[in-house]
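Text of start.txt (compact mmCIF, C-alpha atoms) as supplied:
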```txt
# COMPACT_ATOMS: atom_id res chain seq x y z
CA MET L 31 158.92 140.92 105.02
CA ASN L 32 158.86 138.74 108.07
CA THR L 33 155.60 140.28 109.19
CA MET L 34 154.11 139.67 105.77
CA GLY L 35 155.21 136.02 105.78
CA ARG L 36 153.71 135.44 109.24
CA ARG L 37 150.39 136.97 108.10
CA VAL L 38 150.26 134.66 105.08
CA ARG L 39 151.00 131.61 107.28
CA ASN L 40 148.27 132.66 109.78
CA THR L 41 145.72 133.13 107.02
CA ALA L 42 146.58 129.75 105.50
CA GLY L 43 146.32 128.09 108.93
CA PHE L 44 142.94 129.71 109.55
CA ALA L 45 141.66 128.60 106.14
CA LEU L 46 142.87 125.05 106.77
CA ALA L 47 141.22 124.94 110.19
CA LEU L 48 137.98 126.29 108.67
CA ALA L 49 138.07 123.73 105.89
CA LEU L 50 138.68 120.86 108.32
CA GLY L 51 135.87 122.06 110.56
CA ALA L 52 133.50 122.23 107.63
CA THR L 53 134.33 118.77 106.37
CA LEU L 54 134.25 116.96 109.71
CA PRO L 55 130.89 115.34 110.41
CA ALA L 56 128.78 116.75 113.23
CA HIS L 57 129.41 114.83 116.43
CA ALA L 58 126.42 112.69 117.50
CA GLU L 59 125.58 112.20 121.15
CA ASP L 60 123.28 109.74 122.92
CA ALA L 61 121.13 110.52 125.93
CA CYS L 62 118.05 109.25 127.73
CA THR L 63 115.44 110.64 130.09
CA ASP L 64 115.85 109.76 133.77
CA ASP L 65 113.13 107.10 133.61
CA GLY L 66 114.65 105.67 130.43
CA THR L 67 111.40 105.75 128.44
CA VAL L 68 112.83 108.14 125.82
CA CYS L 69 116.33 108.03 124.39
CA TRP L 70 117.80 110.10 121.59
CA THR L 71 120.71 110.51 119.30
CA ARG L 72 121.40 114.16 118.55
CA THR L 73 123.76 116.52 116.84
CA LYS L 74 124.56 120.17 117.52
CA GLY L 75 123.03 120.09 120.97
CA ALA L 76 119.46 119.25 120.04
CA ALA L 77 117.67 118.13 123.19
CA PHE L 78 114.41 116.75 124.49
CA VAL L 79 113.25 117.82 127.94
CA PRO L 80 110.27 115.75 129.12
CA GLY L 81 107.45 117.48 130.94
CA LYS L 82 108.41 120.98 129.78
CA ARG L 83 106.57 123.20 127.33
CA ALA L 84 107.65 126.03 125.09
CA SER L 85 106.73 129.46 126.42
CA ARG L 86 105.04 132.20 124.37
CA ARG L 87 108.42 133.83 123.98
CA ASP L 88 109.86 130.53 122.71
CA LYS L 89 107.06 130.32 120.14
CA ARG L 90 107.78 133.83 118.89
CA ARG L 91 111.49 133.15 118.61
CA ARG L 92 111.18 130.00 116.52
CA GLY L 93 113.06 130.40 113.26
CA ARG L 94 112.50 128.71 109.95
CA ARG L 95 115.94 129.28 108.43
CA ASP L 96 118.08 126.16 108.36
CA PRO L 97 115.52 124.06 110.23
CA GLY L 98 116.36 120.89 112.11
CA SER L 99 115.19 117.36 111.48
CA LEU L 100 113.35 114.94 113.77
CA SER L 101 112.94 111.19 113.53
CA VAL L 102 110.84 109.10 115.90
CA GLU L 103 110.66 105.38 116.42
CA ILE L 104 108.72 103.45 119.02
CA VAL L 105 109.90 100.21 120.55
CA GLY L 106 107.19 97.68 121.35
CA GLY L 107 104.25 99.72 120.22
CA ARG L 108 102.88 102.41 117.98
CA GLY L 109 102.04 106.08 118.23
CA SER L 110 101.50 109.36 116.44
CA VAL L 111 103.78 112.38 116.63
CA PHE L 112 102.51 115.91 117.29
CA LEU L 113 104.83 118.88 116.90
CA ASN L 114 103.82 122.33 118.08
CA GLY L 115 100.21 121.28 118.44
CA ARG L 116 99.86 119.61 115.04
CA TYR L 117 99.89 116.05 113.72
CA VAL L 118 103.10 115.42 111.76
CA GLY L 119 103.11 111.65 111.31
CA THR L 120 102.87 108.21 112.79
CA ALA L 121 105.96 106.37 113.97
CA PRO L 122 108.26 105.22 112.58
CA VAL L 123 108.68 108.60 110.94
CA SER L 124 111.78 110.49 109.86
CA GLY L 125 112.79 113.82 108.37
CA ILE L 126 110.19 115.91 110.16
CA THR L 127 111.12 119.55 109.67
CA VAL L 128 111.51 121.29 113.02
CA PRO L 129 111.89 125.08 113.41
CA ASN L 130 114.93 126.36 115.25
CA GLY L 131 114.38 127.03 118.92
CA ARG L 132 112.13 125.42 121.48
CA ASN L 133 109.24 123.29 120.25
CA ASP L 134 106.43 121.31 121.85
CA LEU L 135 106.49 117.59 121.14
CA GLU L 136 104.01 114.89 122.08
CA ILE L 137 103.89 111.24 121.06
CA ARG L 138 100.76 109.30 121.92
CA ASP L 139 98.96 106.04 121.30
CA GLY L 140 95.26 106.83 121.68
CA MET L 141 94.66 108.00 125.21
CA VAL L 142 98.17 107.04 126.35
CA VAL L 143 100.83 109.75 126.14
CA LEU L 144 104.13 107.98 125.41
CA ALA L 145 106.30 111.10 125.56
CA SER L 146 105.61 114.78 126.02
CA GLY L 147 108.03 117.63 126.42
CA ARG L 148 110.10 120.41 124.93
CA LEU L 149 112.33 119.82 121.95
CA SER L 150 115.20 122.28 121.58
CA MET L 151 116.46 122.40 118.03
CA PRO L 152 119.56 124.33 116.93
CA SER L 153 120.04 125.40 113.30
CA GLY L 154 120.49 122.31 111.16
CA GLY L 155 120.26 120.01 114.16
CA VAL L 156 119.22 116.40 113.82
CA ILE L 157 117.61 114.32 116.55
CA THR L 158 116.29 110.78 116.55
CA LEU L 159 113.99 109.88 119.42
CA THR L 160 113.43 106.28 120.44
CA VAL L 161 110.42 105.88 122.68
CA ARG L 162 109.72 102.74 124.65
CA ALA L 163 106.02 101.86 124.77
CA PRO L 164 104.67 100.93 128.22
CA THR L 165 104.19 97.33 127.09
CA ALA L 166 107.76 96.98 125.84
CA ALA L 167 110.00 95.14 128.26
CA GLY L 168 113.72 95.49 128.84
CA PRO L 169 116.26 98.04 127.71
CA PHE L 170 116.50 99.45 124.18
CA MET Q 126 90.16 99.80 84.38
CA PRO Q 127 88.36 102.85 82.88
CA ARG Q 128 88.23 105.86 85.18
CA PRO Q 129 84.80 107.21 86.06
CA PRO Q 130 83.94 110.51 84.34
CA GLY Q 131 85.06 113.50 86.34
CA ALA Q 132 87.62 111.53 88.32
CA ARG Q 133 90.53 113.36 86.67
CA ILE Q 134 88.99 116.76 87.44
CA LEU Q 135 88.35 115.76 91.04
CA ALA Q 136 91.86 114.39 91.39
CA THR Q 137 93.31 117.67 90.08
CA ALA Q 138 91.11 119.68 92.42
CA LEU Q 139 92.20 117.44 95.27
CA SER Q 140 95.86 117.99 94.47
CA VAL Q 141 95.38 121.75 94.44
CA CYS Q 142 93.52 121.59 97.75
CA LEU Q 143 96.23 119.48 99.33
CA VAL Q 144 98.88 121.97 98.26
CA VAL Q 145 96.85 124.95 99.49
CA ALA Q 146 96.02 123.30 102.81
CA ALA Q 147 99.67 122.51 103.44
CA PRO Q 148 100.56 119.93 106.08
CA ALA Q 149 101.68 120.85 109.53
CA GLY Q 150 105.16 122.20 109.74
CA ALA Q 151 105.48 123.90 106.35
CA ALA Q 152 103.95 127.38 106.54
CA GLU Q 153 101.71 126.37 109.43
CA PRO Q 154 98.49 127.98 108.17
CA LYS Q 155 95.66 128.27 110.63
CA VAL Q 156 93.35 125.28 110.38
CA THR Q 157 89.79 125.61 111.57
CA PRO Q 158 86.91 123.12 111.37
CA ALA Q 159 85.46 125.21 108.52
CA THR Q 160 88.63 125.33 106.39
CA MET Q 161 89.28 121.63 106.92
CA ALA Q 162 85.67 120.79 106.06
CA GLY Q 163 86.12 122.44 102.65
CA THR Q 164 89.32 120.57 101.84
CA ARG Q 165 87.92 117.34 103.22
CA GLY Q 166 84.80 117.63 101.10
CA THR Q 167 86.83 117.58 97.88
CA VAL Q 168 88.75 114.50 98.99
CA GLN Q 169 85.59 112.72 100.10
CA GLN Q 170 83.89 113.51 96.80
CA ALA Q 171 86.79 112.01 94.82
CA ALA Q 172 86.78 108.94 97.06
CA LYS Q 173 83.02 108.53 96.68
CA VAL Q 174 83.39 108.39 92.90
CA GLU Q 175 85.82 105.50 93.30
CA LEU Q 176 83.65 103.75 95.89
CA ASP Q 177 80.57 104.03 93.68
CA ALA Q 178 82.60 102.62 90.79
CA GLY Q 179 83.43 99.59 92.93
CA ASN Q 180 87.06 100.54 93.61
CA PRO Q 181 87.34 100.62 97.41
CA ALA Q 182 91.12 100.05 97.24
CA THR Q 183 91.67 103.19 95.14
CA ALA Q 184 89.32 105.18 97.36
CA ALA Q 185 91.15 103.96 100.45
CA ASP Q 186 94.55 104.93 99.03
CA ARG Q 187 93.36 108.42 98.11
CA LEU Q 188 91.74 108.97 101.48
CA SER Q 189 94.83 107.66 103.26
CA THR Q 190 97.21 109.93 101.34
CA ALA Q 191 95.07 113.00 101.97
CA ALA Q 192 94.54 112.09 105.63
CA ARG Q 193 98.30 111.81 106.21
CA GLN Q 194 98.99 115.08 104.44
CA LEU Q 195 96.27 117.01 106.23
CA GLY Q 196 96.30 115.19 109.56
CA ASP Q 197 92.51 115.13 109.44
CA PRO Q 198 90.97 112.56 111.80
CA VAL Q 199 87.75 112.41 109.76
CA LEU Q 200 89.64 111.42 106.62
CA PHE Q 201 91.56 108.83 108.64
CA ILE Q 202 88.23 107.31 109.68
CA ASP Q 203 86.95 107.52 106.09
CA ALA Q 204 90.12 105.74 104.93
CA ALA Q 205 89.66 103.10 107.63
CA GLU Q 206 86.11 102.49 106.42
CA ALA Q 207 87.26 102.27 102.79
CA PHE Q 208 89.94 99.73 103.75
CA TYR Q 209 87.22 97.81 105.62
CA ALA Q 210 85.07 97.84 102.46
CA GLN Q 211 88.05 96.58 100.47
CA ALA Q 212 88.57 93.70 102.92
CA GLU Q 213 84.87 92.89 102.80
CA ALA Q 214 84.91 92.79 98.99
CA GLU Q 215 88.19 90.88 98.62
CA ARG Q 216 87.68 88.63 101.67
CA THR Q 217 91.29 89.21 102.76
CA THR Q 218 92.63 90.44 106.09
CA ALA Q 219 95.51 92.62 104.83
CA PRO Q 220 93.27 95.70 104.26
CA LEU Q 221 91.92 95.23 107.78
CA ASP Q 222 95.42 95.92 109.15
CA GLN Q 223 95.29 99.23 107.31
CA ALA Q 224 91.75 99.88 108.54
CA ASP Q 225 92.84 99.32 112.14
CA GLU Q 226 95.92 101.53 111.81
CA HIS Q 227 93.96 104.40 110.25
CA ALA Q 228 91.26 104.18 112.92
CA ARG Q 229 93.98 104.23 115.61
CA ILE Q 230 95.65 107.29 114.08
CA ALA Q 231 92.25 109.02 114.07
CA LEU Q 232 91.93 108.21 117.77
CA ASP Q 233 95.48 109.53 118.42
CA ILE Q 234 94.54 112.86 116.85
CA LEU Q 235 91.11 113.07 118.46
CA TYR Q 236 92.51 112.44 121.95
CA PHE Q 237 95.38 114.85 121.27
CA LEU Q 238 92.90 117.57 120.30
CA GLN Q 239 91.28 117.17 123.70
CA GLY Q 240 94.64 117.53 125.49
CA PRO Q 241 96.60 120.61 126.63
CA MET Q 242 99.26 120.36 123.88
CA ALA Q 243 96.82 120.97 121.01
CA SER Q 244 97.32 124.24 119.17
CA LYS Q 245 94.48 126.72 118.85
CA ASP Q 246 95.69 127.29 115.31
CA TRP Q 247 95.17 123.65 114.38
CA GLN Q 248 91.60 122.54 114.98
CA PRO Q 249 90.61 120.24 112.12
CA VAL Q 250 87.31 119.29 113.77
CA ASP Q 251 84.82 121.00 116.01
CA PRO Q 252 85.45 119.94 119.63
CA MET Q 253 81.74 119.07 119.88
CA GLU Q 254 82.17 116.46 117.14
CA ILE Q 255 85.04 114.66 118.85
CA PRO Q 256 83.01 112.19 120.98
CA GLY Q 257 80.99 111.12 117.94
CA LEU Q 258 84.16 110.66 115.87
CA VAL Q 259 85.79 108.63 118.66
CA SER Q 260 82.75 106.33 118.61
CA ARG Q 261 82.99 106.05 114.82
CA ALA Q 262 86.68 105.10 114.96
CA ASN Q 263 86.05 102.54 117.71
CA ASP Q 264 83.16 101.14 115.69
CA VAL Q 265 85.48 100.55 112.71
CA LEU Q 266 87.92 98.75 115.02
CA GLN Q 267 85.17 96.51 116.40
CA ARG Q 268 83.71 95.71 112.98
CA SER Q 269 87.20 95.05 111.66
CA GLN Q 270 87.80 92.54 114.43
CA ALA Q 271 84.53 90.75 113.65
CA LEU Q 272 85.21 90.69 109.91
CA ARG Q 273 88.73 89.39 110.51
CA ALA Q 274 87.33 86.47 112.53
CA GLU Q 275 84.77 85.82 109.78
CA ILE Q 276 87.39 85.80 106.99
CA GLU Q 277 89.76 83.61 108.98
CA ALA Q 278 86.91 81.17 109.65
CA GLU Q 279 86.14 81.08 105.93
CA ALA Q 280 89.79 80.38 105.16
CA ALA Q 281 89.83 77.57 107.72
CA ALA Q 282 86.55 76.01 106.47
CA PRO Q 283 87.98 74.09 103.44
CA LYS Q 284 90.59 72.54 105.71
CA THR Q 285 87.80 71.18 107.94
CA ASP Q 286 86.10 69.64 104.89
CA GLU Q 287 89.37 68.04 103.89
CA LYS Q 288 89.67 66.62 107.37
CA LYS Q 289 86.16 65.20 107.10
CA LYS Q 290 87.02 63.65 103.76
CA GLY Q 291 90.16 62.23 105.26
CA ALA Q 292 88.18 60.78 108.15
CA ALA Q 293 85.71 59.09 105.75
CA GLY Q 294 88.55 57.06 104.12
CA PRO Q 295 89.42 54.85 107.08
CA LYS Q 296 85.73 54.10 107.65
CA VAL Q 297 85.35 52.79 104.11
CA PHE Q 298 88.54 50.73 104.45
CA ILE Q 299 87.45 49.25 107.78
CA ALA Q 300 83.90 48.48 106.65
CA THR Q 301 85.06 46.82 103.40
CA GLY Q 302 87.81 44.98 105.22
CA ALA Q 303 85.37 43.67 107.83
CA ALA Q 304 82.94 42.47 105.15
CA LEU Q 305 85.66 40.70 103.15
CA THR Q 306 87.12 39.17 106.29
CA ALA Q 307 83.68 37.86 107.25
CA LEU Q 308 83.21 36.39 103.76
CA GLY Q 309 86.71 34.91 103.94
CA ALA Q 310 85.92 33.35 107.32
CA ALA Q 311 82.76 31.85 105.83
CA GLY Q 312 84.76 30.49 102.86
CA LEU Q 313 87.32 29.01 105.20
CA GLY Q 314 84.45 27.45 107.14
CA VAL Q 315 83.11 25.89 103.93
CA GLY Q 316 86.61 24.63 103.14
CA VAL Q 317 86.99 23.07 106.57
CA ALA Q 318 83.54 21.48 106.18
CA GLY Q 319 84.62 20.14 102.77
CA LEU Q 320 87.73 18.63 104.38
CA ALA Q 321 85.57 17.03 107.04
CA ILE Q 322 83.19 15.62 104.42
CA GLY Q 323 86.14 14.31 102.41
CA ALA Q 324 87.66 12.65 105.49
CA VAL Q 325 84.36 11.01 106.44
CA GLN Q 326 83.77 9.76 102.90
CA GLN Q 327 87.35 8.51 102.73
CA ASP Q 328 86.76 6.43 105.86
CA LYS Q 329 83.60 5.00 104.30
CA ALA Q 330 85.42 4.25 101.04
CA ASP Q 331 88.09 2.38 102.99
CA ASP Q 332 85.36 0.17 104.50
CA PRO Q 333 85.48 -3.22 102.60
CA THR Q 334 81.74 -3.78 103.15
CA ILE Q 335 80.89 -0.83 100.95
CA TYR Q 336 81.01 -1.58 97.27
CA GLY Q 337 79.00 -1.19 94.05
CA ASP Q 338 76.45 1.67 94.00
CA ALA Q 339 77.13 2.50 97.64
CA TYR Q 340 80.82 2.91 96.90
CA ASP Q 341 80.00 5.15 93.90
CA ALA Q 342 77.79 7.34 96.13
CA VAL Q 343 80.55 7.60 98.74
CA GLU Q 344 83.06 8.47 96.03
CA ARG Q 345 80.74 11.18 94.64
CA LYS Q 346 80.25 12.71 98.10
CA GLY Q 347 83.97 12.54 98.71
CA LYS Q 348 84.66 14.43 95.47
CA VAL Q 349 82.08 17.09 96.43
CA GLY Q 350 83.73 17.39 99.86
CA ASN Q 351 87.17 17.76 98.28
CA ALA Q 352 85.85 20.37 95.81
CA LEU Q 353 84.28 22.31 98.69
CA ALA Q 354 87.52 22.05 100.64
CA TYR Q 355 89.68 23.40 97.78
CA ALA Q 356 87.26 26.14 96.76
CA GLY Q 357 86.44 27.18 100.33
CA LEU Q 358 90.03 27.23 101.59
CA ILE Q 359 91.44 29.07 98.54
CA ALA Q 360 88.64 31.62 98.11
CA GLY Q 361 88.17 32.05 101.87
CA GLY Q 362 91.89 32.47 102.39
CA LEU Q 363 92.17 35.11 99.69
CA LEU Q 364 89.10 37.03 100.93
CA ALA Q 365 90.24 36.88 104.55
CA ALA Q 366 93.77 38.05 103.65
CA THR Q 367 92.42 40.98 101.62
CA GLY Q 368 89.93 41.88 104.33
CA ILE Q 369 92.53 41.84 107.09
CA ALA Q 370 94.89 43.96 104.98
CA LEU Q 371 92.12 46.53 104.45
CA LEU Q 372 91.34 46.54 108.16
CA VAL Q 373 94.97 47.18 109.04
CA VAL Q 374 95.22 50.05 106.54
CA GLY Q 375 91.94 51.52 107.73
CA LYS Q 376 92.95 51.36 111.34
CA LYS Q 377 96.30 52.99 110.62
CA ARG Q 378 94.58 55.83 108.74
CA ALA Q 379 92.09 56.40 111.49
CA GLY Q 380 94.98 56.96 113.84
CA LYS Q 381 95.64 55.82 117.36
CA SER Q 382 93.85 58.78 118.98
CA ASP Q 383 90.65 58.24 117.04
CA ASP Q 384 89.70 54.96 118.66
CA ARG Q 385 86.06 55.99 119.06
CA LYS Q 386 85.52 55.46 115.36
CA ALA Q 387 86.60 51.85 115.16
CA ARG Q 388 88.01 49.41 117.64
CA LEU Q 389 88.85 46.08 116.08
CA ARG Q 390 90.15 42.92 117.60
CA VAL Q 391 91.08 39.65 115.92
CA LEU Q 392 90.72 36.90 118.45
CA PRO Q 393 91.42 33.19 118.23
CA ALA Q 394 88.17 31.35 118.91
CA GLY Q 395 88.30 27.58 118.82
CA ALA Q 396 89.19 26.20 115.39
CA GLY Q 397 88.48 29.43 113.45
CA ILE Q 398 89.04 33.14 113.75
CA ALA Q 399 86.59 35.50 115.39
CA LEU Q 400 86.53 39.15 114.44
CA SER Q 401 84.84 41.73 116.59
CA GLY Q 402 84.48 45.35 115.54
CA ARG Q 403 82.70 48.49 116.66
CA PHE Q 404 81.88 51.36 114.29
```
Translate the structure of the given file into structure tokens.
Amino acid sequence: MNTMGRRVRNTAGFALALALGATLPAHAEDACTDDGTVCWTRTKGAAFVPGKRASRRDKRRRGRRDPGSLSVEIVGGRGSVFLNGRYVGTAPVSGITVPNGRNDLEIRDGMVVLASGRLSMPSGGVITLTVRAPTAAGPF
Amino acid sequence: MPRPPGARILATALSVCLVVAAPAGAAEPKVTPATMAGTRGTVQQAAKVELDAGNPATAADRLSTAARQLGDPVLFIDAAEAFYAQAEAERTTAPLDQADEHARIALDILYFLQGPMASKDWQPVDPMEIPGLVSRANDVLQRSQALRAEIEAEAAAPKTDEKKKGAAGPKVFIATGAALTALGAAGLGVGVAGLAIGAVQQDKADDPTIYGDAYDAVERKGKVGNALAYAGLIAGGLLAATGIALLVVGKKRAGKSDDRKARLRVLPAGAGIALSGRF
């Protein structure tokens, strides 16, 4: 009887913990590149690594289930966003669907590349990139 | 506004094409210059119908929507040119902002396609065409800049005319004022002369040796002198006062900085008033 009661309490505790975890909002984190030209707010460990590119293996492993979402804004300028070698919009742009895994991202204004690198996107991740144009002065 | 015949069919075809040639990121179909040319042709045909019907704004919107969905630099340039046509027709600068932005997006894509990050599976234009398209986009930007200056100059032109009209006012005031003041000065001169005549004739009338016909003649001249004095002083005074008032108003309107147009001085000169002016 005691064993049964303990099992019921454990199951109820597990269910409560699961419910709380599901209802809590995903924790957002802020980060910037070393040179401070690109900053981002992310959830679930989404990350932008400047100067890196996705490998062939990364491209094969990209998943389309529960994709992530990308938003881009540019401070003090303008630019277009290219994801995995394709045009996806011109900043400010939000809600760009991003496959899970490692992706190639480039943001450019004409001949000037504002940001270029590898975007790691977990399932259902959300990342907002803020890029500072070369003409923009001061911090974000 | 009635739609041109066939516009509905073209619009439907365009919608189907846009769905089939899905934008980047959905199913990521392979895009080659040939596949994009087919989709683009339908969009351009629909836009041409609107342009020929004199609706550059509608054509620009359609081209813009398709260009954003497909990411096609050629359609971005087409949209930029349609927005330019709209600005040219409406003589407003707002569509030129759109023209510039679309031309810049086209340049973003064209330069990206020449870079290492471009995907082999997404080639909306033949690499050989890129230099020509870059020139076309830059040409739109240059023409847009020239048209913007032209439209802004047109908008500023009526203000210049108003300024000219405003500048003509003080001149009229000053010229009229100077003329009236001169007439007033002459009237005052006549009045002073009348006073002098009256005084002289009064002296003669007071002379006891003058009597009879001579006295009557003196009296007559004295009355004429008095009449001249009254008329001259009153009329001259009124004219001079009006003239000076007009001069003051005119000078105020002309403004302190605009002294090249009229420089007026009222100077005391002996018994009367001397007015000197330069126009």
Can you write out as JSON lines which residues of chain L fall within 9 Å of chain Q, alongside each residue's closest atom pair and its distance in Å to one decimal, counting only C-alpha atoms and ordering rows by chain and ascending residue number?
```
{"residue": "L:Arg83", "atom": "CA", "partner": "Q:Met242", "partner_atom": "CA", "distance": 8.6}
{"residue": "L:Gly109", "atom": "CA", "partner": "Q:Asp233", "partner_atom": "CA", "distance": 7.4}
{"residue": "L:Ser110", "atom": "CA", "partner": "Q:Asp233", "partner_atom": "CA", "distance": 6.3}
{"residue": "L:Val111", "atom": "CA", "partner": "Q:Asp233", "partner_atom": "CA", "distance": 9.0}
{"residue": "L:Phe112", "atom": "CA", "partner": "Q:Phe237", "partner_atom": "CA", "distance": 8.2}
{"residue": "L:Leu113", "atom": "CA", "partner": "Q:Gly150", "partner_atom": "CA", "distance": 7.9}
{"residue": "L:Asn114", "atom": "CA", "partner": "Q:Ser244", "partner_atom": "CA", "distance": 6.9}
{"residue": "L:Gly115", "atom": "CA", "partner": "Q:Ser244", "partner_atom": "CA", "distance": 4.2}
{"residue": "L:Arg116", "atom": "CA", "partner": "Q:Ala149", "partner_atom": "CA", "distance": 5.9}
{"residue": "L:Tyr117", "atom": "CA", "partner": "Q:Gly196", "partner_atom": "CA", "distance": 5.6}
{"residue": "L:Val118", "atom": "CA", "partner": "Q:Ala149", "partner_atom": "CA", "distance": 6.0}
{"residue": "L:Gly119", "atom": "CA", "partner": "Q:Arg193", "partner_atom": "CA", "distance": 7.0}
{"residue": "L:Thr120", "atom": "CA", "partner": "Q:Ile230", "partner_atom": "CA", "distance": 7.4}
{"residue": "L:Ile126", "atom": "CA", "partner": "Q:Gly150", "partner_atom": "CA", "distance": 8.1}
{"residue": "L:Thr127", "atom": "CA", "partner": "Q:Gly150", "partner_atom": "CA", "distance": 6.5}
{"residue": "L:Val128", "atom": "CA", "partner": "Q:Gly150", "partner_atom": "CA", "distance": 7.2}
{"residue": "L:Pro129", "atom": "CA", "partner": "Q:Gly150", "partner_atom": "CA", "distance": 8.2}
{"residue": "L:Asp134", "atom": "CA", "partner": "Q:Met242", "partner_atom": "CA", "distance": 7.5}
{"residue": "L:Leu135", "atom": "CA", "partner": "Q:Met242", "partner_atom": "CA", "distance": 8.2}
{"residue": "L:Glu136", "atom": "CA", "partner": "Q:Met242", "partner_atom": "CA", "distance": 7.5}
{"residue": "L:Ile137", "atom": "CA", "partner": "Q:Asp233", "partner_atom": "CA", "distance": 9.0}
{"residue": "L:Arg138", "atom": "CA", "partner": "Q:Asp233", "partner_atom": "CA", "distance": 6.3}
{"residue": "L:Asp139", "atom": "CA", "partner": "Q:Asp233", "partner_atom": "CA", "distance": 5.7}
{"residue": "L:Gly140", "atom": "CA", "partner": "Q:Asp233", "partner_atom": "CA", "distance": 4.2}
{"residue": "L:Met141", "atom": "CA", "partner": "Q:Tyr236", "partner_atom": "CA", "distance": 5.9}
{"residue": "L:Val142", "atom": "CA", "partner": "Q:Asp233", "partner_atom": "CA", "distance": 8.7}
{"residue": "L:Val143", "atom": "CA", "partner": "Q:Phe237", "partner_atom": "CA", "distance": 8.9}
{"residue": "L:Ser146", "atom": "CA", "partner": "Q:Met242", "partner_atom": "CA", "distance": 8.7}
```
Since we have the selection now, will you write its residues out, keeping C-alpha atoms, as a PDB file, in the frame of the given file?
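Below is the file that was written, out15.pdb:
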```pdb
ATOM      1  CA  ARG L  83     106.570 123.200 127.330  1.00  0.00           C
ATOM      2  CA  GLY L 109     102.040 106.080 118.230  1.00  0.00           C
ATOM      3  CA  SER L 110     101.500 109.360 116.440  1.00  0.00           C
ATOM      4  CA  VAL L 111     103.780 112.380 116.630  1.00  0.00           C
ATOM      5  CA  PHE L 112     102.510 115.910 117.290  1.00  0.00           C
ATOM      6  CA  LEU L 113     104.830 118.880 116.900  1.00  0.00           C
ATOM      7  CA  ASN L 114     103.820 122.330 118.080  1.00  0.00           C
ATOM      8  CA  GLY L 115     100.210 121.280 118.440  1.00  0.00           C
ATOM      9  CA  ARG L 116      99.860 119.610 115.040  1.00  0.00           C
ATOM     10  CA  TYR L 117      99.890 116.050 113.720  1.00  0.00           C
ATOM     11  CA  VAL L 118     103.100 115.420 111.760  1.00  0.00           C
ATOM     12  CA  GLY L 119     103.110 111.650 111.310  1.00  0.00           C
ATOM     13  CA  THR L 120     102.870 108.210 112.790  1.00  0.00           C
ATOM     14  CA  ILE L 126     110.190 115.910 110.160  1.00  0.00           C
ATOM     15  CA  THR L 127     111.120 119.550 109.670  1.00  0.00           C
ATOM     16  CA  VAL L 128     111.510 121.290 113.020  1.00  0.00           C
ATOM     17  CA  PRO L 129     111.890 125.080 113.410  1.00  0.00           C
ATOM     18  CA  ASP L 134     106.430 121.310 121.850  1.00  0.00           C
ATOM     19  CA  LEU L 135     106.490 117.590 121.140  1.00  0.00           C
ATOM     20  CA  GLU L 136     104.010 114.890 122.080  1.00  0.00           C
ATOM     21  CA  ILE L 137     103.890 111.240 121.060  1.00  0.00           C
ATOM     22  CA  ARG L 138     100.760 109.300 121.920  1.00  0.00           C
ATOM     23  CA  ASP L 139      98.960 106.040 121.300  1.00  0.00           C
ATOM     24  CA  GLY L 140      95.260 106.830 121.680  1.00  0.00           C
ATOM     25  CA  MET L 141      94.660 108.000 125.210  1.00  0.00           C
ATOM     26  CA  VAL L 142      98.170 107.040 126.350  1.00  0.00           C
ATOM     27  CA  VAL L 143     100.830 109.750 126.140  1.00  0.00           C
ATOM     28  CA  SER L 146     105.610 114.780 126.020  1.00  0.00           C
TER      29      SER L 146
END
```
Counting all atoms listed in the file, closest pick from L:Leu159, L:Ala145, L:Ala84, L:Asn130 relative to Asp65 in chain L is L:Ala145
For this session: List every protein, DNA or RNA residue with an atom no more than 10 Å from (85.1, 119.3, 112.9) in the file's coordinates, counting all atoms listed in the file, and format the result as a list in words.
Result: Thr157, Pro158, Ala159, Thr160, Met161, Ala162, Asp197, Pro198, Val199, Gln248, Pro249, Val250, Asp251, Pro252, Met253, Glu254, Ile255 and Leu258 of chain Q
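Here CA of Ile369 in chain Q is placed at a distance of 25.2 Å from CA of Ala352 in chain Q.
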Restricting to all atoms listed in the file, whichever of L:Arg95, L:Arg132, L:Arg108, L:Arg162 is closest to Lys82 in chain L is L:Arg132
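Between CA of Thr367 in chain Q and CA of Ala354 in chain Q the interatomic distance comes to 19.6 Å.
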9 Å contact set for Thr67 in chain L, all atoms listed in the file, chain neighbours under 5 positions out, as an mmCIF file with C-alpha atoms, keeping the file's coordinate frame:
```
data_model
loop_
_atom_site.group_PDB
_atom_site.id
_atom_site.type_symbol
_atom_site.label_atom_id
_atom_site.label_comp_id
_atom_site.auth_asym_id
_atom_site.auth_seq_id
_atom_site.Cartn_x
_atom_site.Cartn_y
_atom_site.Cartn_z
ATOM 1 C CA CYS L 62 118.050 109.250 127.730
ATOM 2 C CA LEU L 144 104.130 107.980 125.410
ATOM 3 C CA ALA L 145 106.300 111.100 125.560
ATOM 4 C CA THR L 160 113.430 106.280 120.440
ATOM 5 C CA VAL L 161 110.420 105.880 122.680
ATOM 6 C CA ARG L 162 109.720 102.740 124.650
ATOM 7 C CA ALA L 163 106.020 101.860 124.770
ATOM 8 C CA PRO L 164 104.670 100.930 128.220
#
```
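Going from CA of Gly323 in chain Q to CA of Gly337 in chain Q covers 19.0 Å.
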> Excluding same-chain residues fewer than 2 positions from Lys89 in chain L, what lies within 9 Å of it counting only C-alpha atoms, as number ranges by chain?
Replying inline: L: 84-87, 91-92, 114, 131-133
Residues within 10 Å of Arg273 in chain Q, please, as an NGL selection string. Count only C-alpha atoms; anything in the same chain fewer than 5 positions from it doesn't count.
:Q and (209 or 212-213 or 216-222 or 267-268 or 278-279)
